[in-house]
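Have a look at target_35.txt; it's compact mmCIF, N, CA and C atoms:
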```
# COMPACT_ATOMS: atom_id res chain seq x y z
N MET A 1 134.43 128.40 56.87
CA MET A 1 134.78 129.28 57.91
C MET A 1 134.27 128.75 59.24
N ARG A 2 135.12 128.87 60.15
CA ARG A 2 134.78 128.34 61.44
C ARG A 2 134.28 129.45 62.36
N GLN A 3 133.20 129.19 63.08
CA GLN A 3 132.65 130.19 63.99
C GLN A 3 133.42 130.17 65.30
N LYS A 4 133.61 131.37 65.83
CA LYS A 4 134.29 131.46 67.11
C LYS A 4 133.31 131.13 68.22
N HIS A 5 133.80 130.43 69.21
CA HIS A 5 132.96 130.07 70.35
C HIS A 5 133.02 131.20 71.37
N ARG A 6 131.91 131.88 71.52
CA ARG A 6 131.86 132.97 72.48
C ARG A 6 131.34 132.43 73.81
N GLY A 7 131.68 133.17 74.88
CA GLY A 7 131.20 132.78 76.22
C GLY A 7 129.70 133.01 76.34
N SER A 8 129.06 132.24 77.15
CA SER A 8 127.61 132.38 77.32
C SER A 8 127.30 133.48 78.33
N LEU A 9 126.07 133.92 78.36
CA LEU A 9 125.63 134.97 79.27
C LEU A 9 125.20 134.40 80.62
N LEU A 10 125.37 133.12 80.80
CA LEU A 10 124.91 132.48 82.03
C LEU A 10 125.56 133.05 83.29
N PRO A 11 126.87 133.26 83.37
CA PRO A 11 127.44 133.84 84.59
C PRO A 11 126.93 135.26 84.86
N LEU A 12 126.67 136.02 83.81
CA LEU A 12 126.17 137.37 83.98
C LEU A 12 124.76 137.37 84.59
N THR A 13 123.93 136.42 84.21
CA THR A 13 122.58 136.34 84.79
C THR A 13 122.65 135.91 86.26
N TYR A 14 123.60 135.08 86.60
CA TYR A 14 123.78 134.70 88.01
C TYR A 14 124.13 135.92 88.86
N ILE A 15 125.00 136.77 88.36
CA ILE A 15 125.42 137.96 89.10
C ILE A 15 124.24 138.91 89.28
N PHE A 16 123.52 139.22 88.21
CA PHE A 16 122.38 140.13 88.31
C PHE A 16 121.26 139.52 89.14
N GLY A 17 121.07 138.23 89.02
CA GLY A 17 120.04 137.56 89.81
C GLY A 17 120.33 137.63 91.29
N SER A 18 121.58 137.48 91.68
CA SER A 18 121.91 137.57 93.10
C SER A 18 121.71 138.99 93.63
N PHE A 19 122.03 140.00 92.82
CA PHE A 19 121.78 141.39 93.23
C PHE A 19 120.29 141.67 93.37
N ILE A 20 119.50 141.17 92.46
CA ILE A 20 118.06 141.37 92.53
C ILE A 20 117.48 140.66 93.75
N GLY A 21 117.95 139.46 94.02
CA GLY A 21 117.50 138.72 95.20
C GLY A 21 117.86 139.44 96.49
N ALA A 22 119.09 139.95 96.57
CA ALA A 22 119.51 140.68 97.76
C ALA A 22 118.69 141.96 97.93
N ALA A 23 118.39 142.64 96.83
CA ALA A 23 117.59 143.86 96.89
C ALA A 23 116.18 143.54 97.37
N MET A 24 115.59 142.45 96.90
CA MET A 24 114.25 142.07 97.33
C MET A 24 114.23 141.75 98.83
N ILE A 25 115.24 141.06 99.32
CA ILE A 25 115.32 140.74 100.75
C ILE A 25 115.46 142.02 101.57
N ALA A 26 116.26 142.97 101.10
CA ALA A 26 116.43 144.25 101.81
C ALA A 26 115.12 145.03 101.84
N VAL A 27 114.37 145.02 100.76
CA VAL A 27 113.09 145.73 100.72
C VAL A 27 112.09 145.09 101.69
N VAL A 28 112.01 143.79 101.72
CA VAL A 28 111.09 143.10 102.63
C VAL A 28 111.48 143.37 104.08
N PHE A 29 112.78 143.35 104.38
CA PHE A 29 113.24 143.63 105.73
C PHE A 29 112.91 145.06 106.14
N ALA A 30 113.13 146.01 105.26
CA ALA A 30 112.83 147.42 105.57
C ALA A 30 111.33 147.62 105.78
N TYR A 31 110.50 147.00 104.95
CA TYR A 31 109.05 147.12 105.11
C TYR A 31 108.60 146.49 106.42
N SER A 32 109.17 145.35 106.78
CA SER A 32 108.81 144.69 108.04
C SER A 32 109.17 145.58 109.23
N ASN A 33 110.35 146.19 109.21
CA ASN A 33 110.74 147.09 110.29
C ASN A 33 109.82 148.30 110.35
N TYR A 34 109.45 148.85 109.21
CA TYR A 34 108.55 150.01 109.17
C TYR A 34 107.19 149.64 109.74
N ARG A 35 106.66 148.51 109.32
CA ARG A 35 105.33 148.09 109.77
C ARG A 35 105.32 147.82 111.27
N PHE A 36 106.39 147.21 111.79
CA PHE A 36 106.46 146.90 113.20
C PHE A 36 106.65 148.16 114.03
N SER A 37 107.37 149.14 113.52
CA SER A 37 107.65 150.35 114.29
C SER A 37 106.46 151.32 114.31
N ARG A 38 105.46 151.10 113.48
CA ARG A 38 104.29 151.98 113.48
C ARG A 38 103.53 151.91 114.78
N TYR A 39 103.50 150.75 115.38
CA TYR A 39 102.74 150.57 116.61
C TYR A 39 103.67 150.55 117.81
N LYS A 40 103.24 151.16 118.88
CA LYS A 40 104.06 151.36 120.06
C LYS A 40 103.62 150.44 121.20
N PHE A 41 104.47 150.38 122.22
CA PHE A 41 104.21 149.55 123.38
C PHE A 41 104.05 150.42 124.62
N VAL A 42 103.14 150.01 125.51
CA VAL A 42 102.93 150.68 126.79
C VAL A 42 103.25 149.66 127.88
N ASP A 43 104.20 150.00 128.73
CA ASP A 43 104.61 149.13 129.83
C ASP A 43 103.98 149.66 131.11
N PHE A 44 102.94 148.97 131.61
CA PHE A 44 102.22 149.42 132.79
C PHE A 44 103.01 149.22 134.08
N SER A 45 104.18 148.57 134.00
CA SER A 45 105.03 148.52 135.18
C SER A 45 105.85 149.81 135.31
N LYS A 46 105.99 150.54 134.21
CA LYS A 46 106.71 151.82 134.23
C LYS A 46 105.76 153.01 134.18
N VAL A 47 104.60 152.84 133.56
CA VAL A 47 103.59 153.90 133.51
C VAL A 47 102.63 153.65 134.67
N ILE A 48 102.80 154.40 135.74
CA ILE A 48 102.00 154.20 136.95
C ILE A 48 100.75 155.09 136.87
N LEU A 49 99.60 154.44 136.82
CA LEU A 49 98.31 155.13 136.78
C LEU A 49 97.56 154.80 138.06
N TYR A 50 96.82 155.78 138.58
CA TYR A 50 96.10 155.61 139.84
C TYR A 50 94.60 155.59 139.61
N GLN A 51 93.96 154.64 140.25
CA GLN A 51 92.51 154.50 140.22
C GLN A 51 92.03 154.75 141.64
N LYS A 52 91.52 155.96 141.87
CA LYS A 52 91.25 156.46 143.24
C LYS A 52 92.58 156.45 144.00
N SER A 53 92.72 155.68 145.06
CA SER A 53 93.97 155.66 145.81
C SER A 53 94.81 154.41 145.51
N ASP A 54 94.33 153.55 144.62
CA ASP A 54 95.04 152.33 144.27
C ASP A 54 95.79 152.50 142.95
N ILE A 55 96.84 151.70 142.79
CA ILE A 55 97.57 151.69 141.52
C ILE A 55 96.79 150.80 140.54
N PHE A 56 96.60 151.31 139.32
CA PHE A 56 95.87 150.56 138.30
C PHE A 56 96.71 149.37 137.84
N ASP A 57 96.13 148.18 137.91
CA ASP A 57 96.79 146.96 137.48
C ASP A 57 95.94 146.33 136.38
N PRO A 58 96.41 146.34 135.12
CA PRO A 58 95.59 145.79 134.03
C PRO A 58 95.40 144.29 134.16
N GLU A 59 94.18 143.84 133.95
CA GLU A 59 93.85 142.43 134.06
C GLU A 59 93.32 141.83 132.77
N ALA A 60 92.69 142.65 131.92
CA ALA A 60 92.11 142.15 130.67
C ALA A 60 93.20 142.03 129.60
N SER A 61 92.92 141.27 128.57
CA SER A 61 93.90 141.08 127.49
C SER A 61 93.82 142.20 126.45
N LYS A 62 92.69 142.91 126.40
CA LYS A 62 92.54 144.04 125.46
C LYS A 62 91.86 145.19 126.19
N TYR A 63 92.29 146.39 125.85
CA TYR A 63 91.71 147.61 126.41
C TYR A 63 91.54 148.65 125.33
N MET A 64 90.64 149.57 125.59
CA MET A 64 90.53 150.79 124.79
C MET A 64 91.05 151.90 125.70
N LEU A 65 92.13 152.55 125.29
CA LEU A 65 92.71 153.65 126.05
C LEU A 65 92.13 154.96 125.54
N LEU A 66 91.53 155.72 126.42
CA LEU A 66 90.91 156.99 126.06
C LEU A 66 91.65 158.10 126.81
N LEU A 67 92.23 159.04 126.09
CA LEU A 67 92.88 160.21 126.67
C LEU A 67 92.02 161.41 126.37
N TYR A 68 91.67 162.16 127.42
CA TYR A 68 90.78 163.30 127.24
C TYR A 68 91.08 164.35 128.30
N SER A 69 90.48 165.51 128.16
CA SER A 69 90.55 166.56 129.16
C SER A 69 89.13 166.84 129.65
N SER A 70 88.93 166.72 130.94
CA SER A 70 87.58 166.92 131.49
C SER A 70 87.16 168.39 131.42
N ASN A 71 88.08 169.31 131.18
CA ASN A 71 87.71 170.71 130.99
C ASN A 71 87.11 170.95 129.61
N GLN A 72 87.41 170.08 128.65
CA GLN A 72 86.90 170.24 127.29
C GLN A 72 85.67 169.38 127.02
N ASN A 73 85.72 168.12 127.46
CA ASN A 73 84.66 167.17 127.14
C ASN A 73 84.19 166.43 128.38
N SER A 74 82.93 166.04 128.34
CA SER A 74 82.39 165.20 129.40
C SER A 74 82.76 163.75 129.10
N PRO A 75 83.21 163.01 130.10
CA PRO A 75 83.57 161.60 129.84
C PRO A 75 82.39 160.77 129.35
N SER A 76 81.19 161.06 129.82
CA SER A 76 80.03 160.28 129.39
C SER A 76 79.74 160.50 127.91
N GLU A 77 79.93 161.72 127.40
CA GLU A 77 79.75 161.97 125.96
C GLU A 77 80.78 161.21 125.14
N LEU A 78 82.03 161.21 125.60
CA LEU A 78 83.10 160.52 124.88
C LEU A 78 82.87 159.01 124.87
N LEU A 79 82.45 158.46 126.00
CA LEU A 79 82.20 157.02 126.07
C LEU A 79 81.04 156.61 125.17
N ALA A 80 80.06 157.49 125.00
CA ALA A 80 78.95 157.20 124.09
C ALA A 80 79.42 157.18 122.64
N GLN A 81 80.45 157.96 122.31
CA GLN A 81 80.99 158.00 120.95
C GLN A 81 81.94 156.85 120.65
N LEU A 82 82.47 156.19 121.68
CA LEU A 82 83.48 155.13 121.46
C LEU A 82 82.94 153.94 120.70
N ASP A 83 81.76 153.46 121.04
CA ASP A 83 81.16 152.31 120.37
C ASP A 83 82.09 151.09 120.38
N THR A 84 82.44 150.64 121.57
CA THR A 84 83.30 149.48 121.72
C THR A 84 82.79 148.61 122.86
N ASN A 85 83.10 147.33 122.78
CA ASN A 85 82.73 146.43 123.87
C ASN A 85 83.95 146.06 124.72
N LEU A 86 85.08 146.73 124.48
CA LEU A 86 86.28 146.50 125.26
C LEU A 86 86.23 147.29 126.56
N PRO A 87 86.91 146.82 127.60
CA PRO A 87 87.04 147.64 128.80
C PRO A 87 87.83 148.90 128.47
N VAL A 88 87.46 150.02 129.07
CA VAL A 88 88.04 151.31 128.74
C VAL A 88 88.91 151.79 129.90
N ILE A 89 90.11 152.27 129.56
CA ILE A 89 90.96 152.98 130.50
C ILE A 89 90.86 154.45 130.12
N ALA A 90 90.20 155.24 130.95
CA ALA A 90 90.00 156.66 130.65
C ALA A 90 91.00 157.48 131.46
N VAL A 91 91.91 158.16 130.74
CA VAL A 91 92.95 158.97 131.38
C VAL A 91 92.58 160.43 131.19
N ASP A 92 92.34 161.12 132.30
CA ASP A 92 92.00 162.53 132.26
C ASP A 92 93.28 163.33 132.44
N ILE A 93 93.60 164.18 131.47
CA ILE A 93 94.82 164.97 131.54
C ILE A 93 94.73 166.03 132.65
N MET A 94 93.51 166.38 133.05
CA MET A 94 93.32 167.35 134.14
C MET A 94 93.37 166.67 135.51
N GLN A 95 93.55 165.39 135.54
CA GLN A 95 93.78 164.58 136.74
C GLN A 95 92.60 164.55 137.70
N LYS A 96 91.39 164.69 137.18
CA LYS A 96 90.20 164.54 138.01
C LYS A 96 89.82 163.07 138.01
N ARG A 97 89.58 162.52 139.15
CA ARG A 97 89.29 161.10 139.27
C ARG A 97 87.79 160.88 139.41
N ALA A 98 87.21 160.28 138.41
CA ALA A 98 85.78 159.96 138.45
C ALA A 98 85.61 158.55 139.03
N GLU A 99 84.38 158.18 139.28
CA GLU A 99 84.08 156.86 139.84
C GLU A 99 84.12 155.81 138.73
N SER A 100 84.92 154.76 138.91
CA SER A 100 85.04 153.68 137.93
C SER A 100 83.88 152.71 138.08
N ASN A 101 83.63 151.96 137.00
CA ASN A 101 82.63 150.90 137.07
C ASN A 101 83.21 149.66 136.38
N ALA A 102 82.39 148.68 136.07
CA ALA A 102 82.88 147.42 135.52
C ALA A 102 83.51 147.56 134.14
N SER A 103 83.00 148.48 133.33
CA SER A 103 83.52 148.60 131.96
C SER A 103 84.47 149.77 131.76
N VAL A 104 84.51 150.73 132.68
CA VAL A 104 85.36 151.92 132.52
C VAL A 104 86.19 152.11 133.78
N SER A 105 87.51 152.22 133.59
CA SER A 105 88.41 152.53 134.70
C SER A 105 88.92 153.95 134.51
N PHE A 106 88.47 154.86 135.36
CA PHE A 106 88.95 156.24 135.31
C PHE A 106 90.25 156.31 136.10
N VAL A 107 91.33 156.66 135.43
CA VAL A 107 92.64 156.70 136.06
C VAL A 107 93.27 158.07 135.88
N SER A 108 94.26 158.35 136.71
CA SER A 108 95.01 159.59 136.58
C SER A 108 96.43 159.34 137.03
N SER A 109 97.27 160.31 136.80
CA SER A 109 98.67 160.23 137.21
C SER A 109 99.24 161.63 137.18
N ASP A 110 100.52 161.75 137.49
CA ASP A 110 101.13 163.06 137.40
C ASP A 110 101.27 163.45 135.93
N ILE A 111 101.43 164.73 135.67
CA ILE A 111 101.43 165.24 134.30
C ILE A 111 102.61 164.68 133.50
N ASN A 112 103.75 164.44 134.14
CA ASN A 112 104.90 163.89 133.41
C ASN A 112 104.60 162.49 132.88
N THR A 113 103.94 161.68 133.67
CA THR A 113 103.59 160.33 133.22
C THR A 113 102.58 160.38 132.08
N ILE A 114 101.60 161.26 132.18
CA ILE A 114 100.60 161.37 131.11
C ILE A 114 101.25 161.87 129.82
N LEU A 115 102.16 162.84 129.95
CA LEU A 115 102.85 163.34 128.75
C LEU A 115 103.76 162.28 128.14
N LYS A 116 104.42 161.45 128.96
CA LYS A 116 105.23 160.35 128.43
C LYS A 116 104.35 159.34 127.69
N LEU A 117 103.17 159.06 128.25
CA LEU A 117 102.23 158.14 127.60
C LEU A 117 101.78 158.70 126.25
N MET A 118 101.46 159.99 126.23
CA MET A 118 101.04 160.62 124.98
C MET A 118 102.19 160.64 123.96
N ASN A 119 103.40 160.87 124.42
CA ASN A 119 104.55 160.88 123.54
C ASN A 119 104.86 159.47 123.01
N THR A 120 104.74 158.48 123.86
CA THR A 120 104.99 157.10 123.44
C THR A 120 104.03 156.68 122.33
N LEU A 121 102.76 157.02 122.49
CA LEU A 121 101.74 156.65 121.51
C LEU A 121 101.61 157.66 120.38
N ASN A 122 102.36 158.76 120.47
CA ASN A 122 102.34 159.81 119.46
C ASN A 122 100.94 160.42 119.32
N ILE A 123 100.33 160.72 120.45
CA ILE A 123 99.01 161.35 120.47
C ILE A 123 99.21 162.85 120.49
N THR A 124 98.64 163.53 119.50
CA THR A 124 98.84 164.97 119.35
C THR A 124 97.57 165.76 119.56
N GLN A 125 96.44 165.11 119.70
CA GLN A 125 95.16 165.81 119.83
C GLN A 125 94.31 165.11 120.87
N LEU A 126 93.64 165.89 121.70
CA LEU A 126 92.71 165.34 122.68
C LEU A 126 91.29 165.69 122.29
N PRO A 127 90.34 164.88 122.51
CA PRO A 127 90.39 163.50 122.98
C PRO A 127 90.79 162.52 121.86
N SER A 128 91.44 161.46 122.27
CA SER A 128 91.86 160.41 121.34
C SER A 128 91.71 159.06 122.02
N SER A 129 91.59 158.04 121.22
CA SER A 129 91.51 156.68 121.76
C SER A 129 92.34 155.75 120.90
N VAL A 130 92.76 154.66 121.51
CA VAL A 130 93.56 153.65 120.82
C VAL A 130 93.34 152.31 121.52
N GLU A 131 93.34 151.24 120.74
CA GLU A 131 93.20 149.90 121.31
C GLU A 131 94.57 149.38 121.72
N LEU A 132 94.61 148.72 122.87
CA LEU A 132 95.82 148.09 123.37
C LEU A 132 95.55 146.61 123.56
N VAL A 133 96.49 145.77 123.13
CA VAL A 133 96.37 144.33 123.31
C VAL A 133 97.59 143.85 124.09
N GLN A 134 97.36 142.89 124.97
CA GLN A 134 98.43 142.41 125.85
C GLN A 134 99.48 141.67 125.05
N ASN A 135 100.75 142.07 125.26
CA ASN A 135 101.88 141.44 124.58
C ASN A 135 102.60 140.50 125.55
N SER A 136 102.81 140.94 126.76
CA SER A 136 103.34 140.10 127.83
C SER A 136 102.65 140.53 129.12
N GLU A 137 103.19 140.18 130.26
CA GLU A 137 102.45 140.35 131.51
C GLU A 137 101.89 141.76 131.70
N LYS A 138 102.72 142.80 131.66
CA LYS A 138 102.24 144.17 131.85
C LYS A 138 102.56 145.06 130.66
N ILE A 139 102.97 144.47 129.57
CA ILE A 139 103.30 145.24 128.37
C ILE A 139 102.17 145.06 127.35
N TYR A 140 101.62 146.18 126.93
CA TYR A 140 100.51 146.18 125.97
C TYR A 140 100.96 146.86 124.69
N LYS A 141 100.54 146.31 123.57
CA LYS A 141 100.91 146.83 122.25
C LYS A 141 99.74 147.58 121.64
N GLN A 142 100.04 148.66 120.98
CA GLN A 142 99.01 149.40 120.25
C GLN A 142 98.47 148.51 119.15
N ASP A 143 97.15 148.39 119.09
CA ASP A 143 96.53 147.45 118.15
C ASP A 143 95.66 148.14 117.11
N SER A 144 95.62 149.46 117.13
CA SER A 144 94.82 150.18 116.15
C SER A 144 95.44 151.54 115.89
N ALA A 145 94.95 152.19 114.89
CA ALA A 145 95.36 153.56 114.66
C ALA A 145 94.75 154.45 115.74
N ILE A 146 95.27 155.64 115.89
CA ILE A 146 94.76 156.57 116.88
C ILE A 146 93.48 157.20 116.35
N ASN A 147 92.40 157.05 117.12
CA ASN A 147 91.10 157.62 116.76
C ASN A 147 90.96 158.97 117.41
N LYS A 148 90.82 160.01 116.60
CA LYS A 148 90.66 161.36 117.14
C LYS A 148 89.18 161.75 117.05
N PHE A 149 88.67 162.34 118.10
CA PHE A 149 87.27 162.73 118.16
C PHE A 149 87.11 164.13 117.58
```
How would this structure read if it were set down as structure tokens?
Amino acid sequence: MRQKHRGSLLPLTYIFGSFIGAAMIAVVFAYSNYRFSRYKFVDFSKVILYQKSDIFDPEASKYMLLLYSSNQNSPSELLAQLDTNLPVIAVDIMQKRAESNASVSFVSSDINTILKLMNTLNITQLPSSVELVQNSEKIYKQDSAINKF
């Protein structure tokens, strides 16, 4: 008796292998987009902050951005809790301008700009802080999770 020659499963494995490969690429792409979208960008050419009567112009490559309300917390207490060696940009939502020094820049702006900044960074509680790292000339990228006090 002669055995019938059946087709091999090789073409079927090629088909399933290509689907599995395409699925793996789609998963990696989706994860990469998710990971990149978690962190936001702040464009200091569009977000105008004032330091006394001058416009704040970022010069350092990394900053700690602190958003607080001077009616709730004292800035000196918050700065003591930060524990960072980065220069600090302290934004008071009540728009009171304190005296800046070498390590802390007290800035303010109109309420619409501050609310846009909070919305961009998805800050829902005050006081909060976040690290910013320079991405291009005046565009800074969020470099840490939001720290809530």
Checklist entry - Quick one: distance from atom CA of Tyr140 of chain A to atom C of Phe41 of chain A in Å, one decimal? => result 5.7 Å
Item to check | Residue nearest Ser108 of chain A among A:Ala90, A:Ala80, A:Ile20, A:Ala30 (counting only N, CA and C atoms) | outcome: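 The answer is A:Ala90, which sits nearest to Ser108 of chain A.
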Item to check | Two-atom distance - atom CA of Val104 of chain A, atom CA of Val130 of chain A (Å) | outcome: 14.4 Å
Item to check | alpha helix (DSSP H) per DSSP on the backbone: members of segment 10-116 of chain A, as number ranges by chain | outcome: A: 10-37, 75-82, 111-116
Checklist entry - as a list in words, which residues of segment 53-139 of chain A does DSSP assign to strand (DSSP E or B)? => result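 DSSP on the backbone gives strand (DSSP E or B) at Asp54, Ile55, Lys62, Tyr63, Met64, Leu65, Leu66, Leu67, Tyr68, Val88, Ile89, Ala90, Val91, Asp92, Val104, Ser105, Phe106, Val107, Ser108, Ser128, Ser129, Val130, Glu131, Leu132, Val133, Gln134 and Ile139 of chain A.
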Mind writing the picked residues with N, CA and C atoms as a short mmCIF file (atom, residue, chain, number, x, y, z; two decimals), keeping the file's coordinate frame?
```cif
data_model
loop_
_atom_site.label_atom_id
_atom_site.label_comp_id
_atom_site.auth_asym_id
_atom_site.auth_seq_id
_atom_site.Cartn_x
_atom_site.Cartn_y
_atom_site.Cartn_z
N ASP A 54 94.33 153.55 144.62
CA ASP A 54 95.04 152.33 144.27
C ASP A 54 95.79 152.50 142.95
N ILE A 55 96.84 151.70 142.79
CA ILE A 55 97.57 151.69 141.52
C ILE A 55 96.79 150.80 140.54
N LYS A 62 92.69 142.91 126.40
CA LYS A 62 92.54 144.04 125.46
C LYS A 62 91.86 145.19 126.19
N TYR A 63 92.29 146.39 125.85
CA TYR A 63 91.71 147.61 126.41
C TYR A 63 91.54 148.65 125.33
N MET A 64 90.64 149.57 125.59
CA MET A 64 90.53 150.79 124.79
C MET A 64 91.05 151.90 125.70
N LEU A 65 92.13 152.55 125.29
CA LEU A 65 92.71 153.65 126.05
C LEU A 65 92.13 154.96 125.54
N LEU A 66 91.53 155.72 126.42
CA LEU A 66 90.91 156.99 126.06
C LEU A 66 91.65 158.10 126.81
N LEU A 67 92.23 159.04 126.09
CA LEU A 67 92.88 160.21 126.67
C LEU A 67 92.02 161.41 126.37
N TYR A 68 91.67 162.16 127.42
CA TYR A 68 90.78 163.30 127.24
C TYR A 68 91.08 164.35 128.30
N VAL A 88 87.46 150.02 129.07
CA VAL A 88 88.04 151.31 128.74
C VAL A 88 88.91 151.79 129.90
N ILE A 89 90.11 152.27 129.56
CA ILE A 89 90.96 152.98 130.50
C ILE A 89 90.86 154.45 130.12
N ALA A 90 90.20 155.24 130.95
CA ALA A 90 90.00 156.66 130.65
C ALA A 90 91.00 157.48 131.46
N VAL A 91 91.91 158.16 130.74
CA VAL A 91 92.95 158.97 131.38
C VAL A 91 92.58 160.43 131.19
N ASP A 92 92.34 161.12 132.30
CA ASP A 92 92.00 162.53 132.26
C ASP A 92 93.28 163.33 132.44
N VAL A 104 84.51 150.73 132.68
CA VAL A 104 85.36 151.92 132.52
C VAL A 104 86.19 152.11 133.78
N SER A 105 87.51 152.22 133.59
CA SER A 105 88.41 152.53 134.70
C SER A 105 88.92 153.95 134.51
N PHE A 106 88.47 154.86 135.36
CA PHE A 106 88.95 156.24 135.31
C PHE A 106 90.25 156.31 136.10
N VAL A 107 91.33 156.66 135.43
CA VAL A 107 92.64 156.70 136.06
C VAL A 107 93.27 158.07 135.88
N SER A 108 94.26 158.35 136.71
CA SER A 108 95.01 159.59 136.58
C SER A 108 96.43 159.34 137.03
N SER A 128 91.44 161.46 122.27
CA SER A 128 91.86 160.41 121.34
C SER A 128 91.71 159.06 122.02
N SER A 129 91.59 158.04 121.22
CA SER A 129 91.51 156.68 121.76
C SER A 129 92.34 155.75 120.90
N VAL A 130 92.76 154.66 121.51
CA VAL A 130 93.56 153.65 120.82
C VAL A 130 93.34 152.31 121.52
N GLU A 131 93.34 151.24 120.74
CA GLU A 131 93.20 149.90 121.31
C GLU A 131 94.57 149.38 121.72
N LEU A 132 94.61 148.72 122.87
CA LEU A 132 95.82 148.09 123.37
C LEU A 132 95.55 146.61 123.56
N VAL A 133 96.49 145.77 123.13
CA VAL A 133 96.37 144.33 123.31
C VAL A 133 97.59 143.85 124.09
N GLN A 134 97.36 142.89 124.97
CA GLN A 134 98.43 142.41 125.85
C GLN A 134 99.48 141.67 125.05
N ILE A 139 102.97 144.47 129.57
CA ILE A 139 103.30 145.24 128.37
C ILE A 139 102.17 145.06 127.35
#
```
Next on the checklist: Could you check which residues have any atom within 7 Å of (100.9, 146.7, 125.5), counting all atoms listed in the file with coordinates taken straight from the file, and then list them as number ranges by chain?
Outcome noted: A: 40-44, 132-136, 138-142
Item to check | One-decimal distance in Å that lies between atom CA of Leu79 of chain A and atom C of Asp110 of chain A | outcome: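 Separation between atom C of Asp110 of chain A and atom CA of Leu79 of chain A: 22.4 Å.
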Checklist entry - Pick the closest to Asp143 of chain A from A:Ser100, A:Tyr39, A:Asn112, A:Tyr68: which is it, counting only N, CA and C atoms? => result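 Using only N, CA and C atoms, Asp143 of chain A sits closest to A:Tyr39.
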Item to check | Shortest interatomic distance to Thr120 of chain A - which of A:Met94, A:Val47, A:Leu66, A:Ile25, counting only C-alpha atoms | outcome: A:Val47
Item to check | Proximity to Leu121 of chain A - best of A:Ala145, A:Ala23, A:Val28, A:Ala98, only C-alpha atoms | outcome: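 Going through A:Ala145, A:Ala23, A:Val28, A:Ala98 one by one, the smallest distance to Leu121 of chain A is for A:Ala145.
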